[in-house]
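Working notes, beginning with the structure itself.
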Amino acid sequence: MTEIKQEVNLNTAQMLIKCLEAEGVKYIFGIPGEENLEVINAISDSSIKFITTRHEQGAAFMADVYGRLTGKAGVCLSTLGPGATNLVTGVADADGDGAPLVAITGQVGTERMHITSHQFLDLCKMFEPITKRSKQIVRPDAVNEIVRIAFKYAESEKPGACHIDLPVNIAKMPVSIGEKPLQKKIPPIEHADLSAIEEAAGEIFKAKNPIILAGIGAIRNNCAEAVTEFANKLKIPVINTMMAKGIIPFDNKYSMWTIGIPQEDYVDKIIEEADLVITIGYDIVEYSPAKWNITGDIKIVHVDTRPSHINKLYQPIVEVVGEISDSLYDIMRRTSRKVEPVKALEIKAKMLAEHESYANDDAFPMKPQKILNDVRKVMKEDDIVISDVGAHKMWIARHYNCYKPNTCIISNGFATMGIGLPGAIAAKLINPEKKVLAIVGDGGFMMNNQELETALRIGTPIVVLIFNDSNYGLIKWKQEDQYGKSCCVDFTNPDFVKMAESMYGKGYSIEKAEDLIPTLEEAFKQKVPVVIDCKVDYDENVKLTKHLKKACENL
């Protein structure tokens with residue numbers, strides 16, 4: 001007699017995890033709680049590794065950076081109520097920065113939602129403004145559809161965050177026999193309209209001083225090679241946003257580096273000279289058109305996978321909408337340029353001389369320019385720097401030179417303090433063979449320093465370099481610019497070396513400028529997380545403001 005194999009009757013939590021496996025999820029970052037116990041139990045029987053963090057915000061930041069570096073949605077998990085509210089900042093950051101992320105929250109049972117209930121919040125409503133989709137699973141047989149919806153929208157252009165809310169009683173309910181994860185489908189590549197390609201080619205041919213403004217979309221869509229070839233062939237200067245560092249090697253002749261610090265900088269003058277701006281993968285959340293097209297007079301050619309934003313100062317004369325690299329190669333075949341951008345190259349020579357002037361500066365506390373100059377000497381071209389948010393972010397944007405995409409991660413959409421350390425953990429998890437350095441301010445470091453224990457426990461030996469000035473340096477900089485004084489920004493710091501050691505990591509304190517390079521080299525040899533405390537001279541902030549005002553007036 002033939003034995004009939006009985007299909008296993010899964011509950012909703014188990015089907016949820018089966019669906020995540022089908023989406024290719026390898027890690028879930030989060031904290032267990034009463035209302036997600038069924039999900040945690042299902043994870044323990046799956047191929048997915050659960051990364052237990054010390055705070056839900058850290059979990060969301062890890063998922064955020066995981067998504068940005070891989071292009072696949074990072075997943076974070078919390079329980080209901082306060083666990084879910086702790087996810088919010090990281091989820092909002094992912095959505096603002098265009099990083100694919102799926103957040104999963106526990107929830108009270110459906111039988112308790114109509115009354116005042118312990119730790120109950122309407123989480124779908126709470127996450128709605130900071131996600132592309134926010135869905136609650138109210139029927140077991142809907143879990144496969146809701147998971148597919150979340151990943152589809154999280155990973156589709158422009159990527160962002162999605163949210164799934166699972167009530168505790170629904171998690172335990174059986175799913176119908178035969179239910180299974182839905183198939184993940186890759187959408188076909190869309191090509192730009194030929195007439196738009198030809199019109200863009202014509203505008204570029206006619207322009208006397210065109211420039212390229214490359215944004216994060218060019219990084220997400222793997223367009224570095226195409227952008228570099230486009231610039232080289234057509235002799236067009238390239239300026240990148242903070243989130244698009246590395247889209248073209250910094251030592252390429254036509255690379256004009258990064259735009260985005262609050263002060264008028266050399267690259268702003270290059271845009272002022274332009275009669276045509278070719279935006280490639282540009283997102284206005286990165287750097288507002290109001291800062292580079294103040295009067296709205298600059299002609300714009302928009303090249304992206306999506307139509308242009310609605311903004312009165314961003315009105316393209318041509319929109320080339322389709323696969324970006326294909327569009328650039330199609331335009332290249334239809335136009336030519338032989339004139340070198342003389343003015344831009346002259347400005348770049350000044351920028352280069354200024355940057356190199358700090359190479360041998362041995363002052364202490366160290367100037368931020370010198371710190372970053374030394375960091376660049378230690379990091380290989382494909383090693384990864386994760387920047388936290390603060391005054392140091394402005395210096396990293398301006399002075400940390402990149403050769404390749406995704407080697408310097410800066411949050412500049414939502415621009416959230418505290419992302420640096422947990423983001424570095426995710427980066428090291430994905431790239432164990434690379435050096436991963438989190439550069440943080442003392443303010444940002446103290447927001448998520450507890451994740452050093454996570455880094456130690458899961459075996460991700462990151463290095464954290466603290467710019468130590470005992471205040472919220474970026475706010476102080478802005479106060480001094482606007483009011484000529486500062487207030488309410490000062491604080492004291494713990495002994496960061498002892499803190500690192502108390503968490504079974506390594507700690508170093510820089511006592512003189514010449515110590516930084518050998519200390520970094522020693523730090524990257526360690527098998528445990530390392531914290532390097534470096535005093536920084538932020539008098540350079542105000543000096544930079546004054547210097548740029550004078551320098552830009554003379555260009």
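Ordering of the structure tokens sets the chain letters (A, B, ...), residue numbers begin anew at 1 in every chain, and ligands are numbered from 1 in the order given.
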**Request:** Among the residues of segment 28-106 of chain A, find those DSSP assigns to strand (DSSP E or B) from the backbone and print them as an MDAnalysis selection string.
**Result:** chainID A and resid 28:30 49:52 74:78 101:106
**Asked** Using the chain letters and numbers from this document, which residues of segment 199-330 of chain A does DSSP assign to helix (DSSP H, G or I), as a PyMOL selection string?
**Response** chain A and resi 199-206+216-220+224-234+242-244+266-273+289-291+324-330
**Prompt:** Looking at A:Lys478, A:Lys525, A:Lys299, A:Lys367, which one is nearest to Gln315 of chain A, with distances taken over only C-alpha atoms?
**Reply:**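 With only C-alpha atoms as the atom set, the closest residue is A:Lys299.
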**Prompt:** In Å, with one decimal, what is the gap from atom CA of Thr416 of chain A to atom CA of Ile396 of chain A?
**Reply:** 15.3 Å
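Comparing the minimum interatomic distances between Lys512 of chain A and each of A:Asn406, A:Val375, A:Asp361, A:Tyr472, counting only C-alpha atoms, we find that A:Asp361 sits nearest.
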**Request:** Skip Thr519 of chain A itself and residues of its chain fewer than 5 positions away, then list as an MDAnalysis selection string all residues within 9 Å of it, counting only C-alpha atoms.
**Result:** chainID A and resid 508:510 524 532
**Asked** Counting only C-alpha atoms, which of A:Lys233, A:Lys172, A:Lys380, A:Arg148 gets nearest to Met332 of chain A?
**Response**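 Result for the nearest residue to Met332 of chain A: A:Lys233.
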**Item:** From A:Ala59, A:Val303, A:Ile384, A:Ile212, residue lying nearest Ile410 of chain A [only C-alpha atoms]
**Value:**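 Of A:Ala59, A:Val303, A:Ile384, A:Ile212, the one nearest Ile410 of chain A is A:Ile384, counting only C-alpha atoms.
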**Message:** As an exercise, work out the distance from atom CA of Lys393 of chain A to atom CA of Val65 of chain A in Å and give it to one decimal place.
**Reply:**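 Distance between the two atoms: 16.3 Å.
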Per residue of segment 318-411 of chain A within 12 Å of segment 269-274 of chain A, record the nearest atom pair and its distance in Å to one decimal, counting only C-alpha atoms, with rows in chain order and ascending residue number, as CSV.
```
residue,atom,partner,partner_atom,distance
A:Pro341,CA,A:Ile270,CA,9.9
A:Val342,CA,A:Ile270,CA,10.7
A:Lys343,CA,A:Ile270,CA,7.8
A:Ala344,CA,A:Ile270,CA,5.9
A:Leu345,CA,A:Ile270,CA,9.4
A:Glu346,CA,A:Ile270,CA,10.1
A:Ile347,CA,A:Ile270,CA,7.7
A:Lys348,CA,A:Ile270,CA,9.3
A:Met351,CA,A:Ile270,CA,11.8
```
Restricted to N, CA, C and O atoms, what would the selected residues look like written as a compact mmCIF listing (two decimals), in the first residue's frame?
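Listed below is the output, out25.txt:
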```txt
# COMPACT_ATOMS: atom_id res chain seq x y z
N PRO A 341 36.55 71.58 -20.79
CA PRO A 341 35.92 72.53 -19.85
C PRO A 341 37.01 73.29 -19.07
O PRO A 341 37.28 73.00 -17.90
N VAL A 342 37.60 74.27 -19.70
CA VAL A 342 38.79 74.93 -19.17
C VAL A 342 38.56 75.53 -17.78
O VAL A 342 39.36 75.31 -16.86
N LYS A 343 37.48 76.26 -17.61
CA LYS A 343 37.21 76.92 -16.33
C LYS A 343 37.07 75.89 -15.21
O LYS A 343 37.63 76.04 -14.12
N ALA A 344 36.31 74.82 -15.47
CA ALA A 344 36.11 73.79 -14.46
C ALA A 344 37.43 73.12 -14.09
O ALA A 344 37.69 72.84 -12.92
N LEU A 345 38.27 72.88 -15.08
CA LEU A 345 39.55 72.24 -14.81
C LEU A 345 40.47 73.16 -14.00
O LEU A 345 41.25 72.69 -13.15
N GLU A 346 40.38 74.45 -14.25
CA GLU A 346 41.16 75.41 -13.45
C GLU A 346 40.70 75.40 -11.99
O GLU A 346 41.52 75.44 -11.06
N ILE A 347 39.39 75.35 -11.79
CA ILE A 347 38.85 75.32 -10.44
C ILE A 347 39.26 74.02 -9.74
O ILE A 347 39.62 74.01 -8.56
N LYS A 348 39.23 72.91 -10.49
CA LYS A 348 39.63 71.64 -9.88
C LYS A 348 41.09 71.68 -9.43
O LYS A 348 41.44 71.12 -8.39
N MET A 351 41.16 73.25 -6.13
CA MET A 351 40.63 72.32 -5.13
C MET A 351 41.69 71.29 -4.74
O MET A 351 41.90 71.01 -3.56
```
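In this comparison, which uses only C-alpha atoms, the residue of A:Asn431, A:Asn144, A:Gly441, A:Ile517 approaching Arg376 of chain A most closely is A:Ile517.
Distances here use only C-alpha atoms; by that measure, the residue among A:Cys487, A:Leu69, A:Leu474, A:Ile239 closest to Ile430 of chain A is A:Leu69.
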**Request:** Can you pull out every residue within 8 Å of His163 of chain A, counting only C-alpha atoms, but drop anything in the same chain fewer than 3 positions away, and send it as a PyMOL selection string?
**Result:** chain A and resi 102-105+124+127+131+133-135+150
Emit the selected residues as a compact mmCIF listing (two decimals), in the first residue's frame, including all heavy atoms.
```
# COMPACT_ATOMS: atom_id res chain seq x y z
N VAL A 102 12.31 46.34 4.86
CA VAL A 102 11.00 45.84 5.30
C VAL A 102 11.04 45.72 6.82
O VAL A 102 11.89 45.01 7.36
CB VAL A 102 10.64 44.49 4.66
CG1 VAL A 102 9.36 43.92 5.28
CG2 VAL A 102 10.46 44.65 3.14
N ALA A 103 10.15 46.43 7.48
CA ALA A 103 10.03 46.38 8.94
C ALA A 103 8.84 45.51 9.31
O ALA A 103 7.75 45.67 8.74
CB ALA A 103 9.86 47.78 9.51
N ILE A 104 9.04 44.60 10.25
CA ILE A 104 7.97 43.71 10.72
C ILE A 104 7.75 43.96 12.20
O ILE A 104 8.71 43.96 12.99
CB ILE A 104 8.33 42.23 10.49
CG1 ILE A 104 8.60 41.98 9.00
CG2 ILE A 104 7.22 41.31 10.99
CD1 ILE A 104 9.20 40.61 8.71
N THR A 105 6.51 44.22 12.58
CA THR A 105 6.21 44.49 13.98
C THR A 105 5.20 43.49 14.53
O THR A 105 4.31 43.02 13.82
CB THR A 105 5.63 45.91 14.16
OG1 THR A 105 4.47 46.07 13.32
CG2 THR A 105 6.65 46.97 13.80
N CYS A 124 0.04 50.58 11.71
CA CYS A 124 -0.08 50.84 10.27
C CYS A 124 -0.20 52.33 10.00
O CYS A 124 0.43 52.86 9.08
CB CYS A 124 -1.26 50.07 9.69
SG CYS A 124 -0.92 48.31 9.48
N PHE A 127 3.28 54.02 10.77
CA PHE A 127 4.33 53.82 9.77
C PHE A 127 3.94 54.35 8.39
O PHE A 127 4.81 54.50 7.52
CB PHE A 127 4.68 52.33 9.66
CG PHE A 127 5.63 51.85 10.72
CD1 PHE A 127 5.17 51.27 11.89
CD2 PHE A 127 7.00 51.99 10.55
CE1 PHE A 127 6.04 50.83 12.88
CE2 PHE A 127 7.88 51.56 11.53
CZ PHE A 127 7.40 50.97 12.69
N THR A 131 6.70 55.10 5.03
CA THR A 131 6.88 53.89 4.23
C THR A 131 6.14 54.01 2.91
O THR A 131 5.26 54.87 2.76
CB THR A 131 6.35 52.64 4.97
OG1 THR A 131 4.96 52.83 5.27
CG2 THR A 131 7.12 52.36 6.24
N ARG A 133 4.48 51.30 1.69
CA ARG A 133 3.29 50.50 1.97
C ARG A 133 3.34 50.07 3.44
O ARG A 133 4.39 49.69 3.95
CB ARG A 133 3.21 49.23 1.10
CG ARG A 133 3.00 49.47 -0.38
CD ARG A 133 1.62 50.07 -0.66
NE ARG A 133 1.34 50.16 -2.09
CZ ARG A 133 1.75 51.14 -2.89
NH1 ARG A 133 2.52 52.11 -2.40
NH2 ARG A 133 1.42 51.14 -4.17
N SER A 134 2.20 50.10 4.12
CA SER A 134 2.10 49.66 5.51
C SER A 134 0.85 48.79 5.63
O SER A 134 -0.27 49.27 5.47
CB SER A 134 2.01 50.86 6.46
OG SER A 134 1.97 50.44 7.81
N LYS A 135 1.04 47.48 5.87
CA LYS A 135 -0.07 46.52 5.83
C LYS A 135 -0.11 45.70 7.11
O LYS A 135 0.92 45.30 7.66
CB LYS A 135 0.09 45.56 4.65
CG LYS A 135 0.17 46.22 3.28
CD LYS A 135 -1.17 46.71 2.81
CE LYS A 135 -1.08 47.24 1.38
NZ LYS A 135 -2.40 47.76 0.91
N ALA A 150 5.18 44.01 0.08
CA ALA A 150 6.20 44.77 0.82
C ALA A 150 7.53 44.76 0.08
O ALA A 150 8.17 45.81 -0.09
CB ALA A 150 6.37 44.19 2.22
```
**Asked** Any idea what's packed within 10 Å of Lys291 of chain A, counting only C-alpha atoms, ignoring anything in its chain fewer than 2 positions away? Could you give it as a PyMOL selection string?
**Response** chain A and resi 260+262+264+268+287-289+293-295+313
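Counting from atom CA of Asn373 of chain A, the distance to atom CA of Cys223 of chain A is 27.1 Å.
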Segment 348-432 of chain A near segment 13-37 of chain A within 12 Å: what's each residue's closest atom pair and its distance in Å to one decimal, counting only C-alpha atoms, ordered by chain then ascending residue number, as CSV?
```
residue,atom,partner,partner_atom,distance
A:Pro422,CA,A:Phe29,CA,10.5
A:Gly423,CA,A:Phe29,CA,11.6
A:Ile425,CA,A:Phe29,CA,11.0
A:Ala426,CA,A:Phe29,CA,9.5
A:Leu429,CA,A:Tyr27,CA,9.6
A:Ile430,CA,A:Tyr27,CA,10.2
```
Would you mind exporting N, CA, C and O atoms of the selected residues as a PDB file, in the first residue's frame?
```
ATOM      1  N   PRO A 422      25.891  51.173  13.802  1.00  0.00           N
ATOM      2  CA  PRO A 422      25.110  50.019  13.342  1.00  0.00           C
ATOM      3  C   PRO A 422      25.204  49.808  11.830  1.00  0.00           C
ATOM      4  O   PRO A 422      25.220  48.662  11.360  1.00  0.00           O
ATOM      5  N   GLY A 423      25.313  50.895  11.071  1.00  0.00           N
ATOM      6  CA  GLY A 423      25.467  50.756   9.624  1.00  0.00           C
ATOM      7  C   GLY A 423      26.749  50.037   9.259  1.00  0.00           C
ATOM      8  O   GLY A 423      26.797  49.224   8.327  1.00  0.00           O
ATOM      9  N   ILE A 425      28.231  47.780  11.060  1.00  0.00           N
ATOM     10  CA  ILE A 425      28.053  46.355  11.360  1.00  0.00           C
ATOM     11  C   ILE A 425      27.429  45.641  10.166  1.00  0.00           C
ATOM     12  O   ILE A 425      27.877  44.562   9.759  1.00  0.00           O
ATOM     13  N   ALA A 426      26.387  46.240   9.585  1.00  0.00           N
ATOM     14  CA  ALA A 426      25.758  45.631   8.413  1.00  0.00           C
ATOM     15  C   ALA A 426      26.732  45.548   7.248  1.00  0.00           C
ATOM     16  O   ALA A 426      26.793  44.539   6.533  1.00  0.00           O
ATOM     17  N   LEU A 429      29.114  42.730   7.831  1.00  0.00           N
ATOM     18  CA  LEU A 429      28.413  41.460   7.691  1.00  0.00           C
ATOM     19  C   LEU A 429      28.355  41.046   6.222  1.00  0.00           C
ATOM     20  O   LEU A 429      28.545  39.872   5.874  1.00  0.00           O
ATOM     21  N   ILE A 430      28.128  42.026   5.346  1.00  0.00           N
ATOM     22  CA  ILE A 430      28.038  41.768   3.906  1.00  0.00           C
ATOM     23  C   ILE A 430      29.422  41.597   3.286  1.00  0.00           C
ATOM     24  O   ILE A 430      29.609  40.808   2.359  1.00  0.00           O
TER      25      ILE A 430
END
```
**Item:** Contact residues around Glu199 of chain A with only C-alpha atoms at 9 Å, ignoring same-chain residues under 5 positions, as a list in words
**Value:**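 In the requested form, the answer reads Leu194, Ile204 and Val318 of chain A.
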**Asked** Neighbours of Glu356 of chain A within 12 Å (only C-alpha atoms; same-chain residues fewer than 6 positions away dropped), as a PyMOL selection string?
**Response** chain A and resi 349-350+369-370+372-374+399-401
